[in-house]
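The structure under discussion appears below in the form of structure tokens.
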Amino acid sequence: MKLESPKTTINKSAQDTFDFLSDVKNFEKLMPENISKFKILEEDKFLFALKGMPEIVLKKKEAIAPNKIVLGAAGGKLDFSLTGNITEVAADKSEVELIFEGEFNAMMAMMIKGPITKFIETLASNLPAQV
């Protein structure tokens, strides 16, 4: 399953945007309002939970400055990744697209598609105000 957020324009350079997303502590600022838990576990790993959903642990798996950040599931039953693709539009402007990818059975995919789509869209829409 592959889900993509709309591209979001940010009034910062690609490097500034990359630096912001590289620090996992900043993801707390991007979370939806219905977050019930957020905890930094390690320098590159955090746990979060949305109301009514299980806890998810994400770990930074790959960082290619200034264009790509990949977070992946760290433990748990689901294996997926969340990739931030950063494109420089101008010296002080960049675009970010978030891509969620995972292997799920049909029933699981049907159940999580809506909430995950909404989740990555919320992360993307909160980026411009936070970076």
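Numbering starts fresh at 1 for the residues of each chain in the structure tokens, the chains themselves are lettered A, B, ... in the order given, and ligands are numbered from 1 as they appear.
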
Neighbours of range 19-25 of chain A within 8 Å (only C-alpha atoms; same-chain residues fewer than 2 positions away dropped), as a PyMOL selection string?
chain A and resi 15-17+27-28+40+43-46+60+63+66+69+131

Could those selected residues go to a file with N, CA and C atoms, as a PDB file, in the first residue's frame?
```
ATOM      1  N   GLN A  15      17.438  22.679   2.744  1.00  0.00           N
ATOM      2  CA  GLN A  15      18.312  22.283   3.856  1.00  0.00           C
ATOM      3  C   GLN A  15      17.657  22.572   5.203  1.00  0.00           C
ATOM      4  N   ASP A  16      17.024  23.749   5.348  1.00  0.00           N
ATOM      5  CA  ASP A  16      16.340  24.085   6.605  1.00  0.00           C
ATOM      6  C   ASP A  16      15.205  23.103   6.879  1.00  0.00           C
ATOM      7  N   THR A  17      14.463  22.778   5.840  1.00  0.00           N
ATOM      8  CA  THR A  17      13.357  21.829   5.976  1.00  0.00           C
ATOM      9  C   THR A  17      13.891  20.451   6.346  1.00  0.00           C
ATOM     10  N   PHE A  27       8.666  16.233  15.319  1.00  0.00           N
ATOM     11  CA  PHE A  27       7.436  15.591  14.861  1.00  0.00           C
ATOM     12  C   PHE A  27       6.278  15.813  15.830  1.00  0.00           C
ATOM     13  N   GLU A  28       6.598  16.077  17.096  1.00  0.00           N
ATOM     14  CA  GLU A  28       5.528  16.357  18.058  1.00  0.00           C
ATOM     15  C   GLU A  28       4.735  17.591  17.627  1.00  0.00           C
ATOM     16  N   ILE A  40      10.001  10.734  23.213  1.00  0.00           N
ATOM     17  CA  ILE A  40      11.285  10.483  22.554  1.00  0.00           C
ATOM     18  C   ILE A  40      11.920   9.285  23.257  1.00  0.00           C
ATOM     19  N   GLU A  43      17.702   9.289  20.332  1.00  0.00           N
ATOM     20  CA  GLU A  43      17.958  10.477  19.521  1.00  0.00           C
ATOM     21  C   GLU A  43      17.232  10.425  18.176  1.00  0.00           C
ATOM     22  N   ASP A  44      17.059   9.218  17.630  1.00  0.00           N
ATOM     23  CA  ASP A  44      16.434   9.081  16.309  1.00  0.00           C
ATOM     24  C   ASP A  44      15.194   8.192  16.330  1.00  0.00           C
ATOM     25  N   LYS A  45      14.530   8.136  17.501  1.00  0.00           N
ATOM     26  CA  LYS A  45      13.402   7.217  17.638  1.00  0.00           C
ATOM     27  C   LYS A  45      12.356   7.812  18.576  1.00  0.00           C
ATOM     28  N   PHE A  46      11.078   7.728  18.180  1.00  0.00           N
ATOM     29  CA  PHE A  46      10.017   8.236  19.041  1.00  0.00           C
ATOM     30  C   PHE A  46       8.780   7.348  18.973  1.00  0.00           C
ATOM     31  N   LYS A  60      14.327   6.872  12.680  1.00  0.00           N
ATOM     32  CA  LYS A  60      14.928   7.416  11.463  1.00  0.00           C
ATOM     33  C   LYS A  60      15.806   6.331  10.849  1.00  0.00           C
ATOM     34  N   ALA A  63      18.704   9.207   5.917  1.00  0.00           N
ATOM     35  CA  ALA A  63      18.690  10.660   5.769  1.00  0.00           C
ATOM     36  C   ALA A  63      19.677  11.024   4.663  1.00  0.00           C
ATOM     37  N   PRO A  66      19.914  17.304   1.080  1.00  0.00           N
ATOM     38  CA  PRO A  66      18.783  17.866   1.810  1.00  0.00           C
ATOM     39  C   PRO A  66      17.442  17.390   1.236  1.00  0.00           C
ATOM     40  N   ILE A  69      14.152  12.088   3.936  1.00  0.00           N
ATOM     41  CA  ILE A  69      14.183  11.538   5.294  1.00  0.00           C
ATOM     42  C   ILE A  69      13.259  10.328   5.285  1.00  0.00           C
ATOM     43  N   VAL A 131       8.131  24.794  10.493  1.00  0.00           N
ATOM     44  CA  VAL A 131       9.543  24.747  10.066  1.00  0.00           C
ATOM     45  C   VAL A 131      10.185  26.118  10.235  1.00  0.00           C
TER      46      VAL A 131
END
```

Got a sec: who's within 7 Å of range 47-56 of chain A, counting only C-alpha atoms, leaving out chain neighbours fewer than 2 positions off, as JSON, numbers by chain?
{"A": [34, 35, 36, 37, 38, 39, 40, 41, 58]}

For range 3-60 of chain A versus range 116-121 of chain A, which residues have an atom no more than 10 Å away, and what is each residue's nearest atom pair and distance in Å rounded to one decimal, using only C-alpha atoms, chain-then-number order, as a tab-separated table?
```
residue	atom	partner	partner_atom	distance
A:Leu3	CA	A:Thr117	CA	6.5
A:Glu4	CA	A:Thr117	CA	7.6
A:Ser5	CA	A:Glu121	CA	5.2
A:Pro6	CA	A:Glu121	CA	6.9
A:Lys7	CA	A:Glu121	CA	9.4
A:Thr8	CA	A:Glu121	CA	9.5
A:Leu30	CA	A:Ile120	CA	9.7
A:Met31	CA	A:Phe119	CA	8.0
A:Pro32	CA	A:Phe119	CA	7.0
A:Leu50	CA	A:Phe119	CA	9.5
```

When DSSP is applied to the backbone of this structure, which of range 8-119 of chain A are assigned strand (DSSP E or B)? Write them out as a PyMOL selection string.
chain A and resi 8-10+35-42+45-50+56-64+68-73+80-90+93-102

Taking C-alpha atoms for each residue, export the selection above as an mmCIF file, in the first residue's frame.
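So the final result, stored in result_34.cif, reads:
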```cif
data_model
loop_
_atom_site.group_PDB
_atom_site.id
_atom_site.type_symbol
_atom_site.label_atom_id
_atom_site.label_comp_id
_atom_site.auth_asym_id
_atom_site.auth_seq_id
_atom_site.Cartn_x
_atom_site.Cartn_y
_atom_site.Cartn_z
ATOM 1 C CA THR A 8 3.271 21.297 0.719
ATOM 2 C CA THR A 9 5.213 24.499 0.031
ATOM 3 C CA ILE A 10 7.428 25.756 2.840
ATOM 4 C CA ILE A 35 -2.577 12.781 19.769
ATOM 5 C CA SER A 36 -2.721 11.046 23.136
ATOM 6 C CA LYS A 37 0.983 10.266 23.622
ATOM 7 C CA PHE A 38 4.364 11.406 22.294
ATOM 8 C CA LYS A 39 7.674 10.284 23.763
ATOM 9 C CA ILE A 40 11.285 10.483 22.554
ATOM 10 C CA LEU A 41 12.873 7.060 23.060
ATOM 11 C CA GLU A 42 16.306 7.711 21.531
ATOM 12 C CA LYS A 45 13.402 7.217 17.638
ATOM 13 C CA PHE A 46 10.017 8.236 19.041
ATOM 14 C CA LEU A 47 6.721 6.743 20.105
ATOM 15 C CA PHE A 48 3.322 8.273 19.521
ATOM 16 C CA ALA A 49 -0.308 7.308 19.847
ATOM 17 C CA LEU A 50 -3.470 8.837 18.479
ATOM 18 C CA ILE A 56 3.513 3.401 16.999
ATOM 19 C CA VAL A 57 7.295 3.615 17.276
ATOM 20 C CA LEU A 58 9.141 5.329 14.420
ATOM 21 C CA LYS A 59 12.898 5.357 13.910
ATOM 22 C CA LYS A 60 14.928 7.416 11.463
ATOM 23 C CA LYS A 61 16.201 4.840 8.945
ATOM 24 C CA GLU A 62 17.736 7.019 6.247
ATOM 25 C CA ALA A 63 18.690 10.660 5.769
ATOM 26 C CA ILE A 64 19.970 12.023 2.459
ATOM 27 C CA LYS A 68 15.011 12.770 1.792
ATOM 28 C CA ILE A 69 14.183 11.538 5.294
ATOM 29 C CA VAL A 70 12.897 8.010 5.872
ATOM 30 C CA LEU A 71 11.260 6.939 9.121
ATOM 31 C CA GLY A 72 10.377 3.299 9.592
ATOM 32 C CA ALA A 73 8.404 1.217 12.046
ATOM 33 C CA PHE A 80 5.959 0.401 7.057
ATOM 34 C CA SER A 81 7.904 3.527 6.221
ATOM 35 C CA LEU A 82 7.158 7.233 6.136
ATOM 36 C CA THR A 83 9.320 9.119 3.639
ATOM 37 C CA GLY A 84 9.638 12.880 3.378
ATOM 38 C CA ASN A 85 10.743 13.924 -0.108
ATOM 39 C CA ILE A 86 12.044 17.492 -0.098
ATOM 40 C CA THR A 87 12.447 19.468 -3.317
ATOM 41 C CA GLU A 88 14.121 22.867 -3.497
ATOM 42 C CA VAL A 89 11.886 25.290 -5.387
ATOM 43 C CA ALA A 90 14.003 28.400 -4.767
ATOM 44 C CA LYS A 93 11.418 27.824 -0.686
ATOM 45 C CA SER A 94 10.980 24.061 -0.695
ATOM 46 C CA GLU A 95 8.268 21.497 -1.282
ATOM 47 C CA VAL A 96 7.625 18.422 0.850
ATOM 48 C CA GLU A 97 5.647 15.325 -0.025
ATOM 49 C CA LEU A 98 5.104 12.605 2.575
ATOM 50 C CA ILE A 99 4.792 9.016 1.369
ATOM 51 C CA PHE A 100 3.550 6.147 3.527
ATOM 52 C CA GLU A 101 4.395 2.650 2.290
ATOM 53 C CA GLY A 102 3.699 -0.708 3.855
#
```

To one decimal place in Å, what is the distance between CA of Asp79 in chain A and CA of Leu123 in chain A?
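These two atoms are separated by 19.7 Å.
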
I need the alpha helix (DSSP H) residues of range 33-117 of chain A per DSSP on the backbone, written as number ranges by chain.
A: 106-117

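CA of Lys77 in chain A is positioned 14.7 Å from CA of Met107 in chain A.
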
Find the distance between CA of Ser125 in chain A and CA of Ala106 in chain A and write it in Å to one decimal.
28.2 Å

For a quick check of understanding, using only C-alpha atoms, which of A:Leu78, A:Ala65, A:Ala14, A:Leu127 has the smallest distance to Ala109 in chain A?
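Ranked by minimum distance to Ala109 in chain A, first place goes to A:Leu78.
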